[in-house]
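Raw contents of run-v3.cif, mmCIF, N, CA and C atoms:
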```cif
data_run
#
loop_
_atom_site.label_atom_id
_atom_site.label_comp_id
_atom_site.auth_asym_id
_atom_site.auth_seq_id
_atom_site.Cartn_x
_atom_site.Cartn_y
_atom_site.Cartn_z
N MET A 1 -6.05 -21.03 6.07
CA MET A 1 -6.77 -19.83 5.68
C MET A 1 -7.80 -20.21 4.62
N LYS A 2 -9.00 -19.71 4.79
CA LYS A 2 -10.08 -20.00 3.86
C LYS A 2 -9.99 -19.11 2.63
N ILE A 3 -10.60 -19.57 1.56
CA ILE A 3 -10.60 -18.83 0.30
C ILE A 3 -11.31 -17.48 0.48
N THR A 4 -12.33 -17.45 1.33
CA THR A 4 -13.02 -16.17 1.56
C THR A 4 -12.11 -15.15 2.23
N ASP A 5 -11.20 -15.63 3.10
CA ASP A 5 -10.24 -14.72 3.73
C ASP A 5 -9.29 -14.13 2.69
N ILE A 6 -8.87 -14.95 1.76
CA ILE A 6 -7.96 -14.48 0.71
C ILE A 6 -8.68 -13.48 -0.20
N ILE A 7 -9.94 -13.78 -0.53
CA ILE A 7 -10.72 -12.86 -1.37
C ILE A 7 -10.91 -11.53 -0.66
N GLN A 8 -11.21 -11.57 0.65
CA GLN A 8 -11.35 -10.33 1.41
C GLN A 8 -10.04 -9.56 1.44
N ARG A 9 -8.95 -10.26 1.60
CA ARG A 9 -7.63 -9.61 1.63
C ARG A 9 -7.32 -8.98 0.28
N LEU A 10 -7.64 -9.68 -0.81
CA LEU A 10 -7.42 -9.13 -2.15
C LEU A 10 -8.29 -7.90 -2.39
N ALA A 11 -9.54 -7.96 -1.94
CA ALA A 11 -10.45 -6.83 -2.12
C ALA A 11 -9.96 -5.62 -1.33
N LEU A 12 -9.57 -5.83 -0.09
CA LEU A 12 -9.06 -4.73 0.73
C LEU A 12 -7.78 -4.16 0.13
N GLY A 13 -6.89 -5.03 -0.33
CA GLY A 13 -5.65 -4.56 -0.96
C GLY A 13 -5.92 -3.73 -2.19
N ALA A 14 -6.86 -4.18 -3.03
CA ALA A 14 -7.21 -3.44 -4.24
C ALA A 14 -7.82 -2.08 -3.87
N PHE A 15 -8.70 -2.08 -2.87
CA PHE A 15 -9.33 -0.84 -2.44
C PHE A 15 -8.29 0.16 -1.91
N VAL A 16 -7.44 -0.30 -1.01
CA VAL A 16 -6.43 0.59 -0.42
C VAL A 16 -5.47 1.08 -1.51
N GLY A 17 -5.05 0.19 -2.40
CA GLY A 17 -4.16 0.59 -3.49
C GLY A 17 -4.78 1.65 -4.37
N CYS A 18 -6.06 1.46 -4.74
CA CYS A 18 -6.75 2.45 -5.57
C CYS A 18 -6.94 3.76 -4.83
N PHE A 19 -7.26 3.67 -3.54
CA PHE A 19 -7.43 4.88 -2.74
C PHE A 19 -6.14 5.70 -2.69
N ILE A 20 -5.02 5.03 -2.44
CA ILE A 20 -3.75 5.75 -2.33
C ILE A 20 -3.38 6.40 -3.66
N VAL A 21 -3.51 5.66 -4.76
CA VAL A 21 -3.15 6.24 -6.06
C VAL A 21 -4.08 7.39 -6.41
N ALA A 22 -5.38 7.25 -6.14
CA ALA A 22 -6.31 8.35 -6.41
C ALA A 22 -5.97 9.56 -5.54
N LEU A 23 -5.65 9.32 -4.27
CA LEU A 23 -5.28 10.41 -3.37
C LEU A 23 -4.02 11.13 -3.88
N ILE A 24 -3.04 10.37 -4.32
CA ILE A 24 -1.81 10.98 -4.85
C ILE A 24 -2.10 11.78 -6.11
N GLU A 25 -2.96 11.26 -6.97
CA GLU A 25 -3.31 12.00 -8.18
C GLU A 25 -4.02 13.31 -7.84
N VAL A 26 -4.90 13.27 -6.86
CA VAL A 26 -5.59 14.50 -6.44
C VAL A 26 -4.59 15.49 -5.84
N LEU A 27 -3.66 15.00 -5.01
CA LEU A 27 -2.65 15.89 -4.43
C LEU A 27 -1.77 16.51 -5.51
N ILE A 28 -1.43 15.71 -6.51
CA ILE A 28 -0.63 16.25 -7.63
C ILE A 28 -1.43 17.33 -8.36
N ALA A 29 -2.71 17.08 -8.57
CA ALA A 29 -3.55 18.06 -9.27
C ALA A 29 -3.67 19.35 -8.45
N PHE A 30 -3.85 19.23 -7.14
CA PHE A 30 -3.92 20.43 -6.30
C PHE A 30 -2.60 21.19 -6.31
N GLN A 31 -1.49 20.46 -6.23
CA GLN A 31 -0.17 21.10 -6.18
C GLN A 31 0.16 21.78 -7.50
N SER A 32 -0.20 21.14 -8.60
CA SER A 32 0.13 21.68 -9.92
C SER A 32 -0.91 22.66 -10.44
N GLY A 33 -2.07 22.65 -9.82
CA GLY A 33 -3.20 23.42 -10.33
C GLY A 33 -4.03 22.50 -11.20
N PRO A 34 -5.28 22.25 -10.82
CA PRO A 34 -6.11 21.28 -11.56
C PRO A 34 -6.20 21.57 -13.05
N GLN A 35 -6.16 22.85 -13.42
CA GLN A 35 -6.25 23.21 -14.83
C GLN A 35 -4.99 22.82 -15.61
N ASN A 36 -3.91 22.52 -14.91
CA ASN A 36 -2.64 22.18 -15.56
C ASN A 36 -2.39 20.68 -15.64
N VAL A 37 -3.30 19.87 -15.13
CA VAL A 37 -3.10 18.42 -15.10
C VAL A 37 -4.10 17.75 -16.03
N VAL A 38 -3.58 16.87 -16.86
CA VAL A 38 -4.43 16.11 -17.77
C VAL A 38 -4.04 14.64 -17.65
N PHE A 39 -5.02 13.81 -17.34
CA PHE A 39 -4.81 12.36 -17.30
C PHE A 39 -5.54 11.77 -18.50
N SER A 40 -4.80 11.01 -19.30
CA SER A 40 -5.42 10.37 -20.46
C SER A 40 -6.14 9.10 -20.01
N GLY A 41 -6.89 8.52 -20.93
CA GLY A 41 -7.55 7.25 -20.64
C GLY A 41 -6.54 6.17 -20.28
N TYR A 42 -5.39 6.18 -20.94
CA TYR A 42 -4.34 5.21 -20.63
C TYR A 42 -3.81 5.43 -19.21
N ASP A 43 -3.67 6.70 -18.83
CA ASP A 43 -3.20 7.01 -17.48
C ASP A 43 -4.17 6.47 -16.42
N VAL A 44 -5.45 6.64 -16.66
CA VAL A 44 -6.47 6.18 -15.71
C VAL A 44 -6.48 4.66 -15.63
N ILE A 45 -6.42 4.00 -16.77
CA ILE A 45 -6.41 2.53 -16.80
C ILE A 45 -5.15 2.00 -16.12
N ASN A 46 -4.00 2.58 -16.46
CA ASN A 46 -2.74 2.15 -15.84
C ASN A 46 -2.75 2.41 -14.34
N ALA A 47 -3.30 3.55 -13.92
CA ALA A 47 -3.37 3.85 -12.49
C ALA A 47 -4.24 2.83 -11.78
N PHE A 48 -5.35 2.46 -12.38
CA PHE A 48 -6.25 1.49 -11.75
C PHE A 48 -5.57 0.13 -11.61
N PHE A 49 -5.11 -0.42 -12.73
CA PHE A 49 -4.52 -1.76 -12.66
C PHE A 49 -3.21 -1.78 -11.88
N GLY A 50 -2.41 -0.74 -12.03
CA GLY A 50 -1.17 -0.66 -11.26
C GLY A 50 -1.43 -0.60 -9.77
N SER A 51 -2.41 0.19 -9.38
CA SER A 51 -2.72 0.30 -7.95
C SER A 51 -3.31 -0.98 -7.39
N VAL A 52 -4.07 -1.70 -8.18
CA VAL A 52 -4.61 -2.99 -7.73
C VAL A 52 -3.47 -3.98 -7.50
N VAL A 53 -2.54 -4.07 -8.43
CA VAL A 53 -1.41 -4.99 -8.30
C VAL A 53 -0.56 -4.63 -7.07
N ILE A 54 -0.31 -3.36 -6.88
CA ILE A 54 0.48 -2.92 -5.73
C ILE A 54 -0.28 -3.22 -4.43
N GLY A 55 -1.57 -2.94 -4.42
CA GLY A 55 -2.38 -3.24 -3.24
C GLY A 55 -2.38 -4.72 -2.92
N TRP A 56 -2.47 -5.55 -3.94
CA TRP A 56 -2.42 -7.01 -3.72
C TRP A 56 -1.08 -7.42 -3.14
N ALA A 57 0.00 -6.83 -3.62
CA ALA A 57 1.33 -7.19 -3.13
C ALA A 57 1.46 -6.88 -1.64
N PHE A 58 1.06 -5.68 -1.26
CA PHE A 58 1.14 -5.33 0.16
C PHE A 58 0.18 -6.16 1.00
N SER A 59 -1.00 -6.41 0.44
CA SER A 59 -2.01 -7.16 1.19
C SER A 59 -1.64 -8.63 1.35
N LEU A 60 -1.28 -9.28 0.27
CA LEU A 60 -0.94 -10.71 0.35
C LEU A 60 0.34 -10.95 1.13
N SER A 61 1.29 -10.03 1.01
CA SER A 61 2.51 -10.20 1.80
C SER A 61 2.23 -10.03 3.29
N GLY A 62 1.09 -9.44 3.62
CA GLY A 62 0.67 -9.32 5.01
C GLY A 62 0.31 -10.65 5.64
N LEU A 63 0.20 -11.69 4.84
CA LEU A 63 -0.04 -13.02 5.40
C LEU A 63 1.10 -13.47 6.31
N ILE A 64 2.24 -12.81 6.19
CA ILE A 64 3.40 -13.15 7.02
C ILE A 64 3.08 -12.94 8.50
N TYR A 65 2.12 -12.08 8.80
CA TYR A 65 1.79 -11.82 10.20
C TYR A 65 1.09 -13.01 10.86
N ASP A 66 0.66 -13.98 10.06
CA ASP A 66 0.07 -15.21 10.62
C ASP A 66 1.15 -16.15 11.15
N ARG A 67 2.40 -15.89 10.79
CA ARG A 67 3.52 -16.72 11.26
C ARG A 67 3.96 -16.25 12.64
N GLU A 68 3.62 -17.00 13.64
CA GLU A 68 3.95 -16.61 15.01
C GLU A 68 5.41 -16.92 15.38
N ASP A 69 6.10 -17.67 14.53
CA ASP A 69 7.49 -18.01 14.83
C ASP A 69 8.47 -16.92 14.40
N LEU A 70 7.97 -15.87 13.76
CA LEU A 70 8.83 -14.77 13.32
C LEU A 70 8.54 -13.52 14.15
N SER A 71 9.57 -12.76 14.43
CA SER A 71 9.40 -11.53 15.21
C SER A 71 8.68 -10.48 14.36
N LEU A 72 8.03 -9.53 15.03
CA LEU A 72 7.31 -8.47 14.33
C LEU A 72 8.24 -7.67 13.40
N PRO A 73 9.44 -7.27 13.84
CA PRO A 73 10.30 -6.52 12.90
C PRO A 73 10.64 -7.32 11.64
N LEU A 74 10.84 -8.63 11.77
CA LEU A 74 11.13 -9.45 10.59
C LEU A 74 9.90 -9.56 9.70
N GLN A 75 8.73 -9.66 10.30
CA GLN A 75 7.49 -9.71 9.52
C GLN A 75 7.30 -8.41 8.74
N VAL A 76 7.52 -7.28 9.41
CA VAL A 76 7.38 -5.98 8.75
C VAL A 76 8.38 -5.85 7.61
N LEU A 77 9.62 -6.25 7.86
CA LEU A 77 10.65 -6.20 6.82
C LEU A 77 10.26 -7.03 5.61
N PHE A 78 9.76 -8.23 5.87
CA PHE A 78 9.32 -9.12 4.78
C PHE A 78 8.20 -8.47 3.97
N GLN A 79 7.16 -7.97 4.66
CA GLN A 79 6.04 -7.37 3.95
C GLN A 79 6.47 -6.15 3.16
N MET A 80 7.25 -5.29 3.77
CA MET A 80 7.67 -4.07 3.09
C MET A 80 8.61 -4.37 1.92
N ALA A 81 9.47 -5.36 2.06
CA ALA A 81 10.37 -5.72 0.96
C ALA A 81 9.58 -6.17 -0.25
N ILE A 82 8.60 -7.03 -0.03
CA ILE A 82 7.77 -7.50 -1.15
C ILE A 82 6.94 -6.36 -1.71
N GLY A 83 6.28 -5.62 -0.82
CA GLY A 83 5.43 -4.52 -1.27
C GLY A 83 6.19 -3.48 -2.06
N PHE A 84 7.35 -3.06 -1.54
CA PHE A 84 8.12 -2.03 -2.24
C PHE A 84 8.75 -2.56 -3.52
N THR A 85 9.11 -3.83 -3.56
CA THR A 85 9.64 -4.39 -4.81
C THR A 85 8.59 -4.32 -5.90
N VAL A 86 7.37 -4.72 -5.57
CA VAL A 86 6.28 -4.64 -6.56
C VAL A 86 5.96 -3.19 -6.87
N LEU A 87 5.89 -2.34 -5.85
CA LEU A 87 5.60 -0.93 -6.07
C LEU A 87 6.59 -0.30 -7.04
N PHE A 88 7.88 -0.48 -6.78
CA PHE A 88 8.89 0.15 -7.64
C PHE A 88 8.91 -0.48 -9.03
N SER A 89 8.67 -1.78 -9.12
CA SER A 89 8.62 -2.43 -10.43
C SER A 89 7.47 -1.87 -11.27
N VAL A 90 6.29 -1.78 -10.67
CA VAL A 90 5.12 -1.23 -11.37
C VAL A 90 5.36 0.24 -11.70
N ALA A 91 5.91 0.99 -10.75
CA ALA A 91 6.15 2.42 -10.96
C ALA A 91 7.13 2.66 -12.11
N ILE A 92 8.15 1.86 -12.19
CA ILE A 92 9.11 2.01 -13.29
C ILE A 92 8.47 1.59 -14.61
N TYR A 93 7.74 0.48 -14.59
CA TYR A 93 7.10 -0.02 -15.81
C TYR A 93 6.09 0.99 -16.36
N LEU A 94 5.29 1.60 -15.47
CA LEU A 94 4.25 2.53 -15.91
C LEU A 94 4.74 3.97 -16.06
N GLY A 95 6.00 4.22 -15.72
CA GLY A 95 6.55 5.55 -15.86
C GLY A 95 6.17 6.50 -14.73
N TRP A 96 5.69 5.96 -13.61
CA TRP A 96 5.36 6.80 -12.46
C TRP A 96 6.62 7.30 -11.77
N LEU A 97 7.65 6.51 -11.80
CA LEU A 97 8.92 6.87 -11.17
C LEU A 97 9.81 7.47 -12.26
N PRO A 98 9.97 8.79 -12.24
CA PRO A 98 10.68 9.47 -13.34
C PRO A 98 12.20 9.28 -13.25
N LEU A 99 12.69 8.20 -13.79
CA LEU A 99 14.12 7.88 -13.71
C LEU A 99 15.00 8.89 -14.44
N THR A 100 14.44 9.56 -15.43
CA THR A 100 15.25 10.50 -16.24
C THR A 100 15.37 11.89 -15.61
N PHE A 101 14.66 12.16 -14.52
CA PHE A 101 14.66 13.49 -13.91
C PHE A 101 15.74 13.67 -12.86
N GLY A 102 16.57 12.66 -12.65
CA GLY A 102 17.65 12.78 -11.69
C GLY A 102 17.35 12.11 -10.37
N ILE A 103 18.38 12.01 -9.58
CA ILE A 103 18.31 11.28 -8.32
C ILE A 103 17.43 11.98 -7.29
N GLY A 104 17.37 13.30 -7.32
CA GLY A 104 16.57 14.05 -6.36
C GLY A 104 15.10 13.69 -6.42
N VAL A 105 14.57 13.61 -7.62
CA VAL A 105 13.16 13.27 -7.80
C VAL A 105 12.91 11.83 -7.37
N ILE A 106 13.84 10.96 -7.65
CA ILE A 106 13.70 9.55 -7.26
C ILE A 106 13.70 9.43 -5.73
N ILE A 107 14.60 10.14 -5.08
CA ILE A 107 14.65 10.10 -3.61
C ILE A 107 13.36 10.66 -3.03
N GLU A 108 12.86 11.76 -3.59
CA GLU A 108 11.60 12.34 -3.13
C GLU A 108 10.46 11.35 -3.29
N TRP A 109 10.42 10.67 -4.44
CA TRP A 109 9.37 9.69 -4.72
C TRP A 109 9.44 8.54 -3.71
N VAL A 110 10.64 8.06 -3.43
CA VAL A 110 10.82 6.96 -2.48
C VAL A 110 10.39 7.40 -1.08
N ILE A 111 10.76 8.60 -0.67
CA ILE A 111 10.38 9.10 0.65
C ILE A 111 8.86 9.20 0.77
N ILE A 112 8.20 9.71 -0.24
CA ILE A 112 6.74 9.80 -0.22
C ILE A 112 6.12 8.40 -0.14
N ALA A 113 6.65 7.45 -0.89
CA ALA A 113 6.13 6.08 -0.86
C ALA A 113 6.30 5.47 0.53
N VAL A 114 7.45 5.70 1.14
CA VAL A 114 7.70 5.17 2.49
C VAL A 114 6.75 5.81 3.50
N ILE A 115 6.53 7.10 3.39
CA ILE A 115 5.61 7.78 4.31
C ILE A 115 4.21 7.19 4.20
N PHE A 116 3.72 7.02 2.97
CA PHE A 116 2.40 6.42 2.79
C PHE A 116 2.35 5.01 3.36
N ALA A 117 3.39 4.22 3.13
CA ALA A 117 3.41 2.85 3.64
C ALA A 117 3.40 2.83 5.16
N VAL A 118 4.19 3.69 5.77
CA VAL A 118 4.25 3.74 7.24
C VAL A 118 2.91 4.17 7.81
N VAL A 119 2.30 5.19 7.24
CA VAL A 119 1.01 5.67 7.74
C VAL A 119 -0.05 4.57 7.66
N PHE A 120 -0.13 3.91 6.52
CA PHE A 120 -1.14 2.86 6.38
C PHE A 120 -0.81 1.64 7.24
N TRP A 121 0.47 1.29 7.34
CA TRP A 121 0.85 0.16 8.20
C TRP A 121 0.48 0.46 9.64
N LEU A 122 0.80 1.65 10.11
CA LEU A 122 0.46 2.03 11.48
C LEU A 122 -1.04 2.05 11.69
N GLY A 123 -1.78 2.51 10.70
CA GLY A 123 -3.24 2.50 10.80
C GLY A 123 -3.79 1.10 10.99
N PHE A 124 -3.32 0.17 10.18
CA PHE A 124 -3.77 -1.22 10.32
C PHE A 124 -3.29 -1.83 11.63
N TYR A 125 -2.07 -1.51 12.02
CA TYR A 125 -1.53 -2.05 13.27
C TYR A 125 -2.37 -1.58 14.46
N ILE A 126 -2.67 -0.30 14.51
CA ILE A 126 -3.48 0.24 15.62
C ILE A 126 -4.88 -0.36 15.60
N TYR A 127 -5.46 -0.49 14.41
CA TYR A 127 -6.80 -1.10 14.31
C TYR A 127 -6.80 -2.51 14.88
N TYR A 128 -5.87 -3.35 14.45
CA TYR A 128 -5.84 -4.73 14.93
C TYR A 128 -5.42 -4.82 16.40
N TYR A 129 -4.59 -3.90 16.86
CA TYR A 129 -4.21 -3.87 18.27
C TYR A 129 -5.44 -3.57 19.14
N LEU A 130 -6.21 -2.56 18.75
CA LEU A 130 -7.41 -2.21 19.51
C LEU A 130 -8.46 -3.31 19.44
N GLU A 131 -8.57 -3.95 18.30
CA GLU A 131 -9.51 -5.07 18.15
C GLU A 131 -9.11 -6.22 19.09
N ALA A 132 -7.83 -6.54 19.14
CA ALA A 132 -7.36 -7.61 20.03
C ALA A 132 -7.57 -7.23 21.49
N ARG A 133 -7.33 -5.98 21.82
CA ARG A 133 -7.53 -5.52 23.20
C ARG A 133 -9.00 -5.64 23.60
N GLU A 134 -9.88 -5.29 22.70
CA GLU A 134 -11.32 -5.40 22.97
C GLU A 134 -11.74 -6.87 23.18
N ILE A 135 -11.21 -7.75 22.36
CA ILE A 135 -11.52 -9.17 22.50
C ILE A 135 -10.98 -9.69 23.82
N ASN A 136 -9.78 -9.29 24.19
CA ASN A 136 -9.20 -9.71 25.47
C ASN A 136 -10.03 -9.21 26.64
N GLN A 137 -10.55 -8.00 26.55
CA GLN A 137 -11.37 -7.46 27.65
C GLN A 137 -12.67 -8.26 27.78
N LYS A 138 -13.23 -8.67 26.65
CA LYS A 138 -14.46 -9.46 26.70
C LYS A 138 -14.20 -10.85 27.28
N LEU A 139 -13.01 -11.39 27.01
CA LEU A 139 -12.66 -12.72 27.53
C LEU A 139 -12.29 -12.67 29.01
N GLY A 140 -11.69 -11.59 29.43
CA GLY A 140 -11.16 -11.48 30.79
C GLY A 140 -12.06 -10.83 31.72
#
```

Would you write the structure of this file as C-alpha cells?
Amino acid sequence: MKITDIIQRLALGAFVGCFIVALIEVLIAFQSGPQNVVFSGYDVINAFFGSVVIGWAFSLSGLIYDREDLSLPLQVLFQMAIGFTVLFSVAIYLGWLPLTFGIGVIIEWVIIAVIFAVVFWLGFYIYYYLEAREINQKLG
C-alpha cells in the first residue's frame, strides 16, 4: 500500500468521523431544542479531535479487507472490534458516554453507535460492490 493510499484513508476517516459527530450534535440539538443546547469551546475542540481519532480507527482498521485469506465476517468483526474499542475509549475519556446516568442510557448509546456503524459500513460495502461490478462489466 502506498503512502498516498494511507493519507487518503486517514482523510476519509477524519471526514466521516467529523460528519457523524456533527450530525449527532445537530440531532441532539433538534431533540432537546436548539435554544436549550450549549456547546463550549472545549466541547467543540474535543468533538473535533475525538471524531478524527475515532474516524481513523474505523478507517485504518478497514485495511483488514485487503487480507484475502480471511472471511468477510471475520474482517468485519476485526474492524468493528477495533473501531468500537477506540470509540468507547474516546467516549468515556471525553465524557460522551454518560456512565453515571445508569445502564439504560449506556445501552441506548451503544445501540445508536452500532446503528451508525452498520449504516456507514453498509454504505461503503454497497459503494465498493457496485464499483467492482462496474469494473467487471467493463472487463467482461

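Here the PyMOL selection byres (((chain A and resi 14 and name CA) around 8) and name CA) catches exactly these residues: Leu10, Ala11, Leu12, Gly13, Phe15, Val16, Gly17, Cys18, Ser51, Val52, Val53, Ile54, Gly55 and Trp56 of chain A.
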
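Atom pair atom C of Ile20 in chain A / CA of Tyr93 in chain A: separated by 17.3 Å.
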
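Among A:Val105, A:Leu60, A:Ile111, A:Ala29, the residue with the shortest atom-to-atom distance to Ile6 in chain A, counting all atoms listed in the file, is A:Leu60.
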
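Counting from CA of Tyr128 in chain A, the distance to CA of Thr85 in chain A is 25.1 Å.
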
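CA of Leu130 in chain A is found 28.9 Å from atom C of Val110 in chain A.
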
Handout entry: Result set, the PyMOL selection byres (((chain A and resi 78 and name CA) around 12) and name CA) on current file, as a list in words
Key = Ala57, Phe58, Leu60, Ser61, Gly62, Leu63, Ile64, Tyr65, Arg67, Leu70, Ser71, Leu72, Pro73, Leu74, Gln75, Val76, Leu77, Gln79, Met80, Ala81, Ile82, Gly83, Phe84 and Thr85 of chain A

Exercise for the section: Determine, counting only C-alpha atoms, which protein, DNA and RNA residues have an atom within 12 Å of an atom of Trp109 in chain A; residues of the same chain fewer than 3 positions away are not included. Present the result as a ChimeraX atom specification. Expected result: /A:24,87-88,91-92,96-99,101-106,112-116

Residue rebuild result range 23-32 of chain A, all heavy atoms as a short mmCIF file (atom, residue, chain, number, x, y, z; two decimals), keeping the file's coordinate frame:
```cif
data_model
loop_
_atom_site.label_atom_id
_atom_site.label_comp_id
_atom_site.auth_asym_id
_atom_site.auth_seq_id
_atom_site.Cartn_x
_atom_site.Cartn_y
_atom_site.Cartn_z
N LEU A 23 -5.65 9.32 -4.27
CA LEU A 23 -5.28 10.41 -3.37
C LEU A 23 -4.02 11.13 -3.88
O LEU A 23 -3.96 12.36 -3.91
CB LEU A 23 -5.04 9.88 -1.96
CG LEU A 23 -4.61 10.90 -0.91
CD1 LEU A 23 -5.69 11.96 -0.71
CD2 LEU A 23 -4.30 10.19 0.41
N ILE A 24 -3.04 10.37 -4.32
CA ILE A 24 -1.81 10.98 -4.85
C ILE A 24 -2.10 11.78 -6.11
O ILE A 24 -1.58 12.89 -6.28
CB ILE A 24 -0.74 9.89 -5.10
CG1 ILE A 24 -0.24 9.36 -3.75
CG2 ILE A 24 0.41 10.44 -5.94
CD1 ILE A 24 0.64 8.14 -3.85
N GLU A 25 -2.96 11.26 -6.97
CA GLU A 25 -3.31 12.00 -8.18
C GLU A 25 -4.02 13.31 -7.84
O GLU A 25 -3.76 14.34 -8.46
CB GLU A 25 -4.18 11.14 -9.11
CG GLU A 25 -3.40 10.03 -9.78
CD GLU A 25 -4.25 9.11 -10.63
OE1 GLU A 25 -5.48 9.06 -10.43
OE2 GLU A 25 -3.67 8.46 -11.52
N VAL A 26 -4.90 13.27 -6.86
CA VAL A 26 -5.59 14.50 -6.44
C VAL A 26 -4.59 15.49 -5.84
O VAL A 26 -4.64 16.69 -6.14
CB VAL A 26 -6.71 14.17 -5.43
CG1 VAL A 26 -7.24 15.42 -4.74
CG2 VAL A 26 -7.85 13.44 -6.13
N LEU A 27 -3.66 15.00 -5.01
CA LEU A 27 -2.65 15.89 -4.43
C LEU A 27 -1.77 16.51 -5.51
O LEU A 27 -1.41 17.69 -5.42
CB LEU A 27 -1.81 15.13 -3.40
CG LEU A 27 -2.55 14.69 -2.13
CD1 LEU A 27 -1.65 13.82 -1.26
CD2 LEU A 27 -3.07 15.89 -1.36
N ILE A 28 -1.43 15.71 -6.51
CA ILE A 28 -0.63 16.25 -7.63
C ILE A 28 -1.43 17.33 -8.36
O ILE A 28 -0.89 18.39 -8.70
CB ILE A 28 -0.21 15.12 -8.60
CG1 ILE A 28 0.85 14.23 -7.94
CG2 ILE A 28 0.29 15.69 -9.92
CD1 ILE A 28 1.14 12.96 -8.72
N ALA A 29 -2.71 17.08 -8.57
CA ALA A 29 -3.55 18.06 -9.27
C ALA A 29 -3.67 19.35 -8.45
O ALA A 29 -3.59 20.45 -9.01
CB ALA A 29 -4.94 17.47 -9.54
N PHE A 30 -3.85 19.23 -7.14
CA PHE A 30 -3.92 20.43 -6.30
C PHE A 30 -2.60 21.19 -6.31
O PHE A 30 -2.58 22.42 -6.39
CB PHE A 30 -4.28 20.08 -4.86
CG PHE A 30 -5.75 19.90 -4.62
CD1 PHE A 30 -6.21 18.85 -3.85
CD2 PHE A 30 -6.68 20.78 -5.15
CE1 PHE A 30 -7.56 18.68 -3.62
CE2 PHE A 30 -8.03 20.62 -4.93
CZ PHE A 30 -8.47 19.57 -4.16
N GLN A 31 -1.49 20.46 -6.23
CA GLN A 31 -0.17 21.10 -6.18
C GLN A 31 0.16 21.78 -7.50
O GLN A 31 0.72 22.87 -7.52
CB GLN A 31 0.89 20.04 -5.81
CG GLN A 31 2.24 20.61 -5.49
CD GLN A 31 3.20 20.55 -6.68
OE1 GLN A 31 3.00 19.82 -7.63
NE2 GLN A 31 4.23 21.36 -6.61
N SER A 32 -0.20 21.14 -8.60
CA SER A 32 0.13 21.68 -9.92
C SER A 32 -0.91 22.66 -10.44
O SER A 32 -0.65 23.37 -11.41
CB SER A 32 0.27 20.54 -10.93
OG SER A 32 1.26 19.64 -10.53
#
```
